[in-house]
>>> print(open('upload-v5.pdb').read())   # PDB, C-alpha atoms, pLDDT in the B column
ATOM      1  CA  MET M 619       4.275 -11.741  21.344  1.00 47.00           C
ATOM      2  CA  THR M 620       6.941 -10.209  23.572  1.00 43.00           C
ATOM      3  CA  HIS M 621      10.211  -8.843  22.300  1.00 44.00           C
ATOM      4  CA  THR M 622      13.766  -9.322  23.499  1.00 43.00           C
ATOM      5  CA  GLN M 623      16.973  -7.369  23.075  1.00 41.00           C
ATOM      6  CA  ALA M 624      17.935  -9.627  20.153  1.00 48.00           C
ATOM      7  CA  ASP M 625      14.468  -9.415  18.594  1.00 59.00           C
ATOM      8  CA  PRO M 626      13.102  -5.905  19.224  1.00 88.00           C
ATOM      9  CA  PHE M 627       9.856  -6.352  17.307  1.00 94.00           C
ATOM     10  CA  PRO M 628       6.939  -6.065  17.676  1.00 96.00           C
ATOM     11  CA  ARG M 629       7.556  -2.782  19.457  1.00 96.00           C
ATOM     12  CA  ILE M 630       4.948  -0.546  21.131  1.00 97.00           C
ATOM     13  CA  ARG M 631       5.616   3.180  21.300  1.00 96.00           C
ATOM     14  CA  THR M 632       3.607   6.110  22.545  1.00 95.00           C
ATOM     15  CA  ALA M 633       2.459   8.486  19.806  1.00 94.00           C
ATOM     16  CA  GLY M 634       1.377  11.748  21.406  1.00 92.00           C
ATOM     17  CA  LEU M 635      -1.215  11.948  24.153  1.00 93.00           C
ATOM     18  CA  ASP M 636      -3.738   9.650  22.527  1.00 97.00           C
ATOM     19  CA  GLY M 637      -1.930   7.143  20.339  1.00 97.00           C
ATOM     20  CA  LEU M 638       0.088   3.950  20.257  1.00 98.00           C
ATOM     21  CA  LEU M 639       2.299   2.850  17.374  1.00 98.00           C
ATOM     22  CA  ILE M 640       2.860  -0.882  17.074  1.00 98.00           C
ATOM     23  CA  SER M 641       5.824  -1.564  14.778  1.00 98.00           C
ATOM     24  CA  PHE M 642       6.615  -4.990  13.352  1.00 98.00           C
ATOM     25  CA  ALA M 643       9.896  -4.044  11.633  1.00 97.00           C
ATOM     26  CA  ASP M 644      11.955  -0.985  10.802  1.00 93.00           C
ATOM     27  CA  THR M 645      11.691  -1.651   7.055  1.00 89.00           C
ATOM     28  CA  MET M 646       8.905  -2.842   4.788  1.00 90.00           C
ATOM     29  CA  ALA M 647       8.802  -6.530   3.896  1.00 92.00           C
ATOM     30  CA  GLU M 648       5.894  -8.822   3.106  1.00 95.00           C
ATOM     31  CA  PRO M 649       5.769 -10.382   6.621  1.00 96.00           C
ATOM     32  CA  SER M 650       5.892  -7.042   8.453  1.00 97.00           C
ATOM     33  CA  ASN M 651       3.205  -5.527   6.226  1.00 97.00           C
ATOM     34  CA  ARG M 652       1.073  -8.642   6.660  1.00 97.00           C
ATOM     35  CA  ALA M 653       1.479  -8.328  10.431  1.00 98.00           C
ATOM     36  CA  ALA M 654       0.497  -4.641  10.418  1.00 98.00           C
ATOM     37  CA  LEU M 655      -2.647  -5.270   8.351  1.00 98.00           C
ATOM     38  CA  ALA M 656      -3.724  -8.348  10.308  1.00 98.00           C
ATOM     39  CA  PHE M 657      -3.069  -6.743  13.693  1.00 98.00           C
ATOM     40  CA  ARG M 658      -4.995  -3.609  12.784  1.00 98.00           C
ATOM     41  CA  ASN M 659      -7.911  -5.770  11.696  1.00 97.00           C
ATOM     42  CA  ALA M 660      -7.798  -7.616  15.026  1.00 97.00           C
ATOM     43  CA  ILE M 661      -7.986  -4.339  16.946  1.00 98.00           C
ATOM     44  CA  ASP M 662     -10.902  -3.166  14.780  1.00 97.00           C
ATOM     45  CA  SER M 663     -12.691  -6.472  15.380  1.00 96.00           C
ATOM     46  CA  SER M 664     -12.247  -6.095  19.143  1.00 95.00           C
ATOM     47  CA  ASP M 665     -14.410  -2.931  19.007  1.00 96.00           C
ATOM     48  CA  TRP M 666     -12.995  -1.508  22.225  1.00 96.00           C
ATOM     49  CA  ASP M 667     -14.874   1.378  23.765  1.00 96.00           C
ATOM     50  CA  GLY M 668     -12.635   4.441  23.662  1.00 96.00           C
ATOM     51  CA  VAL M 669     -10.692   3.542  20.508  1.00 98.00           C
ATOM     52  CA  ILE M 670     -11.294   6.350  18.008  1.00 97.00           C
ATOM     53  CA  GLU M 671      -9.459   5.141  14.926  1.00 96.00           C
ATOM     54  CA  THR M 672      -6.833   2.764  13.622  1.00 97.00           C
ATOM     55  CA  SER M 673      -4.588   2.754  10.578  1.00 96.00           C
ATOM     56  CA  ALA M 674      -1.791   0.676   9.102  1.00 96.00           C
ATOM     57  CA  SER M 675       1.422   1.794   7.415  1.00 95.00           C
ATOM     58  CA  LEU M 676       4.111  -0.192   5.616  1.00 96.00           C
ATOM     59  CA  ALA M 677       5.222  -2.052   8.741  1.00 97.00           C
ATOM     60  CA  SER M 678       3.225  -0.603  11.655  1.00 97.00           C
ATOM     61  CA  ALA M 679      -0.281  -0.238  13.032  1.00 98.00           C
ATOM     62  CA  TYR M 680      -1.554   2.877  14.791  1.00 98.00           C
ATOM     63  CA  VAL M 681      -4.254   3.047  17.425  1.00 98.00           C
ATOM     64  CA  ARG M 682      -5.761   6.371  18.520  1.00 98.00           C
ATOM     65  CA  PHE M 683      -7.905   6.428  21.642  1.00 98.00           C
ATOM     66  CA  ASP M 684      -9.763   8.818  23.925  1.00 97.00           C
ATOM     67  CA  PRO M 685      -7.602   9.100  27.089  1.00 96.00           C
ATOM     68  CA  THR M 686     -10.616  10.327  29.086  1.00 95.00           C
ATOM     69  CA  ARG M 687     -12.300   6.962  28.468  1.00 95.00           C
ATOM     70  CA  LEU M 688      -9.344   4.627  28.176  1.00 94.00           C
ATOM     71  CA  GLU M 689      -6.151   5.084  30.175  1.00 94.00           C
ATOM     72  CA  HIS M 690      -2.739   4.662  28.593  1.00 94.00           C
ATOM     73  CA  SER M 691      -1.864   1.759  30.852  1.00 95.00           C
ATOM     74  CA  GLU M 692      -5.088  -0.064  30.020  1.00 96.00           C
ATOM     75  CA  ILE M 693      -4.897   0.320  26.231  1.00 97.00           C
ATOM     76  CA  ARG M 694      -1.231  -0.684  26.271  1.00 97.00           C
ATOM     77  CA  ALA M 695      -2.018  -3.792  28.319  1.00 97.00           C
ATOM     78  CA  ARG M 696      -4.795  -4.750  25.897  1.00 97.00           C
ATOM     79  CA  VAL M 697      -2.532  -4.241  22.904  1.00 98.00           C
ATOM     80  CA  GLU M 698       0.190  -6.362  24.483  1.00 97.00           C
ATOM     81  CA  GLN M 699      -2.345  -9.099  25.155  1.00 97.00           C
ATOM     82  CA  VAL M 700      -3.457  -9.131  21.508  1.00 97.00           C
ATOM     83  CA  LEU M 701       0.178  -9.193  20.340  1.00 97.00           C
ATOM     84  CA  GLN M 702       0.765 -12.352  22.359  1.00 96.00           C
ATOM     85  CA  GLN M 703      -2.175 -14.195  20.813  1.00 96.00           C
ATOM     86  CA  ARG M 704      -0.410 -15.321  17.627  1.00 96.00           C
ATOM     87  CA  ASP M 705       2.510 -14.985  15.244  1.00 97.00           C
ATOM     88  CA  TRP M 706       1.313 -11.905  13.390  1.00 98.00           C
ATOM     89  CA  TYR M 707       3.996 -12.235  10.703  1.00 97.00           C
ATOM     90  CA  HIS M 708       2.188 -15.342   9.411  1.00 97.00           C
ATOM     91  CA  ALA M 709      -1.373 -14.273  10.219  1.00 97.00           C
ATOM     92  CA  PRO M 710      -4.084 -14.444   7.550  1.00 96.00           C
ATOM     93  CA  LEU M 711      -4.788 -11.164   5.827  1.00 96.00           C
ATOM     94  CA  PRO M 712      -8.181  -9.531   6.498  1.00 95.00           C
ATOM     95  CA  THR M 713     -11.171 -10.774   4.538  1.00 95.00           C
ATOM     96  CA  GLY M 714     -13.053  -8.569   2.080  1.00 95.00           C
ATOM     97  CA  ARG M 715      -9.984  -7.686   0.040  1.00 97.00           C
ATOM     98  CA  HIS M 716     -10.226  -7.119  -3.723  1.00 98.00           C
ATOM     99  CA  LEU M 717      -8.049  -7.757  -6.750  1.00 98.00           C
ATOM    100  CA  TRP M 718      -7.949  -4.931  -9.291  1.00 98.00           C
ATOM    101  CA  GLN M 719      -6.584  -5.643 -12.767  1.00 98.00           C
ATOM    102  CA  VAL M 720      -5.779  -2.310 -14.400  1.00 98.00           C
ATOM    103  CA  PRO M 721      -5.078  -1.616 -18.096  1.00 98.00           C
ATOM    104  CA  THR M 722      -1.660   0.044 -18.300  1.00 98.00           C
ATOM    105  CA  VAL M 723       0.530   1.529 -21.011  1.00 98.00           C
ATOM    106  CA  TYR M 724       4.163   0.723 -20.288  1.00 98.00           C
ATOM    107  CA  GLY M 725       6.821   3.055 -21.639  1.00 98.00           C
ATOM    108  CA  GLY M 726       6.657   5.348 -24.651  1.00 97.00           C
ATOM    109  CA  ASP M 727       5.663   8.986 -24.409  1.00 97.00           C
ATOM    110  CA  LEU M 728       3.121   8.270 -21.675  1.00 98.00           C
ATOM    111  CA  ALA M 729       5.631   6.626 -19.307  1.00 98.00           C
ATOM    112  CA  PRO M 730       9.046   7.746 -20.519  1.00 98.00           C
ATOM    113  CA  GLN M 731      11.279   6.331 -17.764  1.00 98.00           C
ATOM    114  CA  LEU M 732      10.552   2.626 -18.268  1.00 98.00           C
ATOM    115  CA  ASP M 733      13.652   1.975 -20.389  1.00 98.00           C
ATOM    116  CA  GLU M 734      15.860   3.591 -17.752  1.00 98.00           C
ATOM    117  CA  ALA M 735      14.224   1.625 -14.924  1.00 98.00           C
ATOM    118  CA  ALA M 736      14.669  -1.628 -16.856  1.00 98.00           C
ATOM    119  CA  ALA M 737      18.342  -0.879 -17.477  1.00 98.00           C
ATOM    120  CA  VAL M 738      18.980  -0.118 -13.800  1.00 98.00           C
ATOM    121  CA  ALA M 739      17.264  -3.413 -12.934  1.00 98.00           C
ATOM    122  CA  GLY M 740      19.520  -5.226 -15.416  1.00 98.00           C
ATOM    123  CA  LEU M 741      16.650  -6.216 -17.702  1.00 98.00           C
ATOM    124  CA  SER M 742      15.542  -5.622 -21.246  1.00 98.00           C
ATOM    125  CA  THR M 743      12.489  -3.396 -21.581  1.00 98.00           C
ATOM    126  CA  ALA M 744      10.390  -6.336 -22.775  1.00 98.00           C
ATOM    127  CA  GLU M 745      11.434  -8.486 -19.820  1.00 98.00           C
ATOM    128  CA  ALA M 746      10.762  -5.650 -17.376  1.00 98.00           C
ATOM    129  CA  ILE M 747       7.237  -5.253 -18.773  1.00 98.00           C
ATOM    130  CA  ARG M 748       6.660  -8.999 -18.500  1.00 98.00           C
ATOM    131  CA  ARG M 749       7.754  -9.170 -14.884  1.00 98.00           C
ATOM    132  CA  LEU M 750       5.962  -6.001 -13.802  1.00 98.00           C
ATOM    133  CA  SER M 751       2.699  -6.910 -15.507  1.00 98.00           C
ATOM    134  CA  GLU M 752       2.653 -10.487 -14.194  1.00 98.00           C
ATOM    135  CA  THR M 753       3.220  -9.453 -10.568  1.00 98.00           C
ATOM    136  CA  ARG M 754       0.253  -9.060  -8.228  1.00 98.00           C
ATOM    137  CA  VAL M 755       1.152  -6.360  -5.730  1.00 98.00           C
ATOM    138  CA  ARG M 756      -0.538  -5.581  -2.433  1.00 98.00           C
ATOM    139  CA  VAL M 757      -1.817  -2.192  -1.341  1.00 98.00           C
ATOM    140  CA  LEU M 758       0.710  -1.889   1.474  1.00 97.00           C
ATOM    141  CA  THR M 759      -0.665   1.385   2.770  1.00 96.00           C
ATOM    142  CA  ILE M 760      -2.520   4.530   1.661  1.00 96.00           C
ATOM    143  CA  GLY M 761      -0.604   7.751   2.086  1.00 93.00           C
ATOM    144  CA  PHE M 762       1.114  10.930   0.881  1.00 92.00           C
ATOM    145  CA  ALA M 763      -2.029  12.048  -0.984  1.00 95.00           C
ATOM    146  CA  PRO M 764      -5.736  11.146  -0.652  1.00 96.00           C
ATOM    147  CA  GLY M 765      -6.381   7.551  -1.686  1.00 96.00           C
ATOM    148  CA  GLN M 766      -2.849   7.039  -3.006  1.00 98.00           C
ATOM    149  CA  PRO M 767      -1.466   3.493  -2.639  1.00 98.00           C
ATOM    150  CA  TYR M 768       2.015   2.209  -2.044  1.00 98.00           C
ATOM    151  CA  LEU M 769       2.152  -1.191  -3.751  1.00 98.00           C
ATOM    152  CA  GLY M 770       4.485  -4.130  -3.453  1.00 96.00           C
ATOM    153  CA  PRO M 771       6.631  -5.883  -2.976  1.00 96.00           C
ATOM    154  CA  LEU M 772       8.096  -6.228  -6.435  1.00 97.00           C
ATOM    155  CA  GLY M 773      10.970  -8.616  -7.143  1.00 96.00           C
ATOM    156  CA  PRO M 774      14.408  -7.764  -5.726  1.00 96.00           C
ATOM    157  CA  GLU M 775      15.651  -6.770  -9.188  1.00 98.00           C
ATOM    158  CA  PHE M 776      13.397  -3.713  -8.915  1.00 98.00           C
ATOM    159  CA  ASN M 777      15.020  -2.524  -5.687  1.00 97.00           C
ATOM    160  CA  ILE M 778      16.317   0.465  -7.638  1.00 97.00           C
ATOM    161  CA  PRO M 779      17.072   3.865  -6.108  1.00 96.00           C
ATOM    162  CA  ARG M 780      15.052   7.006  -6.513  1.00 96.00           C
ATOM    163  CA  LEU M 781      16.148   9.570  -9.080  1.00 96.00           C
ATOM    164  CA  LYS M 782      18.700  12.151  -7.964  1.00 94.00           C
ATOM    165  CA  GLU M 783      16.469  14.935  -9.298  1.00 95.00           C
ATOM    166  CA  LEU M 784      12.702  15.259  -9.270  1.00 96.00           C
ATOM    167  CA  THR M 785      10.611  14.849 -12.384  1.00 96.00           C
ATOM    168  CA  PRO M 786       8.667  18.153 -12.293  1.00 96.00           C
ATOM    169  CA  MET M 787       5.249  16.550 -12.777  1.00 97.00           C
ATOM    170  CA  VAL M 788       3.604  13.249 -13.668  1.00 97.00           C
ATOM    171  CA  PRO M 789      -0.160  12.982 -14.274  1.00 98.00           C
ATOM    172  CA  GLU M 790      -2.926  11.337 -12.311  1.00 98.00           C
ATOM    173  CA  GLY M 791      -2.871   7.592 -12.891  1.00 98.00           C
ATOM    174  CA  ALA M 792       0.915   7.479 -13.325  1.00 98.00           C
ATOM    175  CA  LEU M 793       2.542   4.239 -12.185  1.00 98.00           C
ATOM    176  CA  VAL M 794       5.982   4.956 -10.754  1.00 98.00           C
ATOM    177  CA  LEU M 795       8.677   2.623  -9.466  1.00 98.00           C
ATOM    178  CA  ALA M 796      11.484   2.576  -6.876  1.00 97.00           C
ATOM    179  CA  ILE M 797      12.754   0.444  -3.968  1.00 96.00           C
ATOM    180  CA  SER M 798      10.766  -2.664  -5.036  1.00 96.00           C
ATOM    181  CA  GLN M 799       7.497  -0.757  -4.866  1.00 97.00           C
ATOM    182  CA  PHE M 800       5.004   0.959  -7.121  1.00 98.00           C
ATOM    183  CA  VAL M 801       3.082   4.117  -6.331  1.00 98.00           C
ATOM    184  CA  LEU M 802      -0.069   4.838  -8.344  1.00 98.00           C
ATOM    185  CA  PHE M 803      -0.544   8.596  -8.226  1.00 98.00           C
ATOM    186  CA  SER M 804      -3.915   9.969  -7.253  1.00 97.00           C
ATOM    187  CA  GLY M 805      -3.186  13.386  -8.770  1.00 96.00           C
ATOM    188  CA  PRO M 806      -0.540  15.298 -10.740  1.00 97.00           C
ATOM    189  CA  THR M 807       2.628  15.198  -8.652  1.00 95.00           C
ATOM    190  CA  PRO M 808       6.388  15.855  -8.813  1.00 97.00           C
ATOM    191  CA  THR M 809       8.305  12.657  -8.076  1.00 97.00           C
ATOM    192  CA  GLY M 810      11.727  11.127  -7.727  1.00 97.00           C
ATOM    193  CA  TRP M 811      10.388   7.696  -8.677  1.00 98.00           C
ATOM    194  CA  ARG M 812      10.635   6.497 -12.282  1.00 98.00           C
ATOM    195  CA  HIS M 813       7.487   6.809 -14.386  1.00 98.00           C
ATOM    196  CA  VAL M 814       7.113   3.348 -15.960  1.00 98.00           C
ATOM    197  CA  GLY M 815       3.395   3.021 -16.687  1.00 98.00           C
ATOM    198  CA  GLN M 816       0.266   5.090 -17.276  1.00 98.00           C
ATOM    199  CA  THR M 817      -3.310   4.205 -16.384  1.00 98.00           C
ATOM    200  CA  ALA M 818      -6.711   5.895 -16.378  1.00 98.00           C
ATOM    201  CA  PHE M 819      -7.432   4.592 -12.856  1.00 98.00           C
ATOM    202  CA  ARG M 820      -8.546   7.250 -10.369  1.00 97.00           C
ATOM    203  CA  CYS M 821      -7.515   6.346  -6.814  1.00 98.00           C
ATOM    204  CA  PHE M 822      -9.305   9.354  -5.292  1.00 97.00           C
ATOM    205  CA  ARG M 823     -12.912   9.946  -6.322  1.00 96.00           C
ATOM    206  CA  PRO M 824     -14.321  12.741  -4.141  1.00 94.00           C
ATOM    207  CA  GLU M 825     -17.661  12.624  -5.956  1.00 92.00           C
ATOM    208  CA  ALA M 826     -18.219   8.975  -4.987  1.00 90.00           C
ATOM    209  CA  ALA M 827     -19.736   7.630  -1.766  1.00 90.00           C
ATOM    210  CA  GLN M 828     -16.481   5.701  -1.270  1.00 91.00           C
ATOM    211  CA  SER M 829     -13.912   8.361  -2.156  1.00 95.00           C
ATOM    212  CA  PHE M 830     -10.884   6.062  -1.770  1.00 96.00           C
ATOM    213  CA  ALA M 831     -11.092   3.345  -4.434  1.00 97.00           C
ATOM    214  CA  LEU M 832      -8.539   1.112  -2.687  1.00 98.00           C
ATOM    215  CA  ARG M 833      -8.014  -0.253   0.803  1.00 96.00           C
ATOM    216  CA  PRO M 834      -4.840  -1.590   2.445  1.00 96.00           C
ATOM    217  CA  GLY M 835      -4.652  -5.301   1.718  1.00 97.00           C
ATOM    218  CA  ASP M 836      -6.251  -5.053  -1.718  1.00 98.00           C
ATOM    219  CA  GLU M 837      -4.158  -6.365  -4.593  1.00 98.00           C
ATOM    220  CA  MET M 838      -3.454  -4.915  -8.023  1.00 98.00           C
ATOM    221  CA  GLN M 839      -2.104  -6.169 -11.316  1.00 98.00           C
ATOM    222  CA  PHE M 840      -1.175  -3.800 -14.130  1.00 98.00           C
ATOM    223  CA  LEU M 841      -1.931  -5.434 -17.468  1.00 98.00           C
ATOM    224  CA  PRO M 842      -0.287  -4.063 -20.640  1.00 98.00           C
ATOM    225  CA  VAL M 843      -2.412  -2.358 -23.284  1.00 98.00           C
ATOM    226  CA  SER M 844      -1.631  -0.111 -26.226  1.00 98.00           C
ATOM    227  CA  ARG M 845      -1.826   3.663 -26.136  1.00 98.00           C
ATOM    228  CA  GLU M 846      -4.850   3.505 -28.453  1.00 98.00           C
ATOM    229  CA  GLU M 847      -6.633   1.154 -26.053  1.00 98.00           C
ATOM    230  CA  LEU M 848      -5.931   3.455 -23.115  1.00 98.00           C
ATOM    231  CA  GLU M 849      -7.214   6.494 -25.020  1.00 97.00           C
ATOM    232  CA  ASP M 850     -10.405   4.582 -25.760  1.00 97.00           C
ATOM    233  CA  ILE M 851     -10.752   3.733 -22.070  1.00 97.00           C
ATOM    234  CA  ARG M 852     -10.212   7.375 -21.114  1.00 96.00           C
ATOM    235  CA  ALA M 853     -12.991   8.422 -23.478  1.00 96.00           C
ATOM    236  CA  ARG M 854     -15.509   6.257 -21.615  1.00 93.00           C
ATOM    237  CA  ASN M 855     -14.397   6.309 -18.006  1.00 94.00           C
ATOM    238  CA  PRO M 856     -17.334   7.763 -16.033  1.00 92.00           C
ATOM    239  CA  ASP M 857     -16.671   5.785 -12.842  1.00 93.00           C
ATOM    240  CA  GLY M 858     -12.909   6.411 -12.749  1.00 95.00           C
ATOM    241  CA  ALA M 859     -12.039   2.704 -12.815  1.00 96.00           C
ATOM    242  CA  GLY M 860      -9.986   3.168 -15.962  1.00 97.00           C
ATOM    243  CA  GLY M 861     -11.203  -0.074 -17.482  1.00 98.00           C
ATOM    244  CA  ALA M 862     -10.132  -2.068 -14.436  1.00 98.00           C
ATOM    245  CA  THR M 863     -11.883  -5.242 -13.347  1.00 97.00           C
ATOM    246  CA  CYS M 864     -12.449  -5.906  -9.663  1.00 97.00           C
ATOM    247  CA  GLN M 865     -13.135  -9.175  -7.886  1.00 97.00           C
ATOM    248  CA  GLU M 866     -13.149 -10.213  -4.248  1.00 97.00           C
ATOM    249  CA  ILE M 867     -10.199 -12.287  -3.116  1.00 96.00           C
ATOM    250  CA  PRO M 868     -11.398 -15.505  -1.445  1.00 91.00           C
ATOM    251  CA  GLY M 869     -10.832 -15.416   2.304  1.00 74.00           C
TER     252      GLY M 869
END
>>> encode(input="upload-v5.pdb", output="structure tokens")
Amino acid sequence: MTHTQADPFPRIRTAGLDGLLISFADTMAEPSNRAALAFRNAIDSSDWDGVIETSASLASAYVRFDPTRLEHSEIRARVEQVLQQRDWYHAPLPTGRHLWQVPTVYGGDLAPQLDEAAAVAGLSTAEAIRRLSETRVRVLTIGFAPGQPYLGPLGPEFNIPRLKELTPMVPEGALVLAISQFVLFSGPTPTGWRHVGQTAFRCFRPEAAQSFALRPGDEMQFLPVSREELEDIRARNPDGAGGATCQEIPG
């Protein structure tokens, strides 16, 4: 897919001596994230000699290569050829994705900024919980901290700004909200996003063979439970799943 002056995406840019960044938009939206995930998967499936690693962000894919084995001009030509093969904004997502349904306490002492987030979104607290808990969000990318997902998109009513001042610390498993996205924190972290839910889900499990519990393209749903139910889950959480169920999404 070539780009024109009126439609500048997809756009290929050089990233250092050994990388290419393929951007599908300058902001995150479902189609641009879909394109980034599907395109990255296509590059991985091509299994080109000389490609060292790939990754996907909110709206871009990154390809790192060994320039002693694969020249810039050659890898760029190959990438351009793959871009022209289809409309990546409507491409199927990669197979092997999973849906995680995670027990979550909304509001109260464990997630004290839910009421404020609901008010900014123009909703009652009960309606905010209903909408947030019924929405299946995609793991858009992993970043900022090991195994930590950015999740979305949420409905446009949740396109609320970040806080003007940081919350000094929220715990591991905190579900925070801003700009129509969730972040599920993989460790205790200061944040400018509103703390609306609390889980016992551990995104980063260094003791496990698969240390990152989630992969880009997975989906999550945060189902409401009581504080007592969450405390019971925490008391018997040896695998770090926090009471979550996991099932493969049909391809």
>>> atom_distance(input="upload-v5.pdb", atom1="CA of Ile670 (chain M)", atom2="CA of Leu688 (chain M)")
10.5 Å
>>> closest_residue(input="upload-v5.pdb", among="M:Phe819, M:Trp706, M:Phe642, M:Trp718", to="Leu793 (chain M)", atoms="all atoms listed in the file")
M:Phe819
>>> residues_around(input="upload-v5.pdb", residues="Gly861 (chain M)", least_positions_apart="3", cutoff="8 Å", atoms="only C-alpha atoms", output="PyMOL selection string")
chain M and resi 720-721+818-819+851+855
>>> closest_residue(input="upload-v5.pdb", among="M:Ala831, M:Ala862, M:Leu784, M:Ala744", to="Ser804 (chain M)", atoms="only C-alpha atoms")
M:Ala831
>>> closest_residue(input="upload-v5.pdb", among="M:Ala826, M:Ala763, M:Leu676, M:Val681", to="Thr807 (chain M)", atoms="only C-alpha atoms")
M:Ala763
>>> atom_distance(input="upload-v5.pdb", atom1="CA of Ala729 (chain M)", atom2="CA of Arg823 (chain M)")
22.9 Å
>>> closest_residue(input="upload-v5.pdb", among="M:Ala827, M:Met838, M:Ala792, M:Ile797", to="Val723 (chain M)", atoms="all atoms listed in the file")
M:Ala792
>>> resolve_selection(input="upload-v5.pdb", expression="the PyMOL selection byres ((chain M and resi 633) around 12)", output="PyMOL selection string")
chain M and resi 630-632+634-641+679-683+690+694
>>> resolve_selection(input="upload-v5.pdb", expression="the PyMOL selection byres ((chain M and resi 750) around 9)", output="list in words")
Glu745, Ala746, Ile747, Arg748, Arg749, Ser751, Glu752, Thr753, Arg754, Leu772, Gly773, Gln839, Phe840 and Leu841 of chain M
>>> atom_distance(input="upload-v5.pdb", atom1="CA of Asp733 (chain M)", atom2="CA of Pro764 (chain M)")
29.1 Å
>>> resolve_selection(input="upload-v5.pdb", expression="the PyMOL selection byres ((chain M and resi 771) around 6)", output="number ranges by chain")
M: 770, 772, 798-799
>>> closest_residue(input="upload-v5.pdb", among="M:Gly805, M:Gly765, M:Pro649, M:Gly726", to="Pro628 (chain M)", atoms="only C-alpha atoms")
M:Pro649
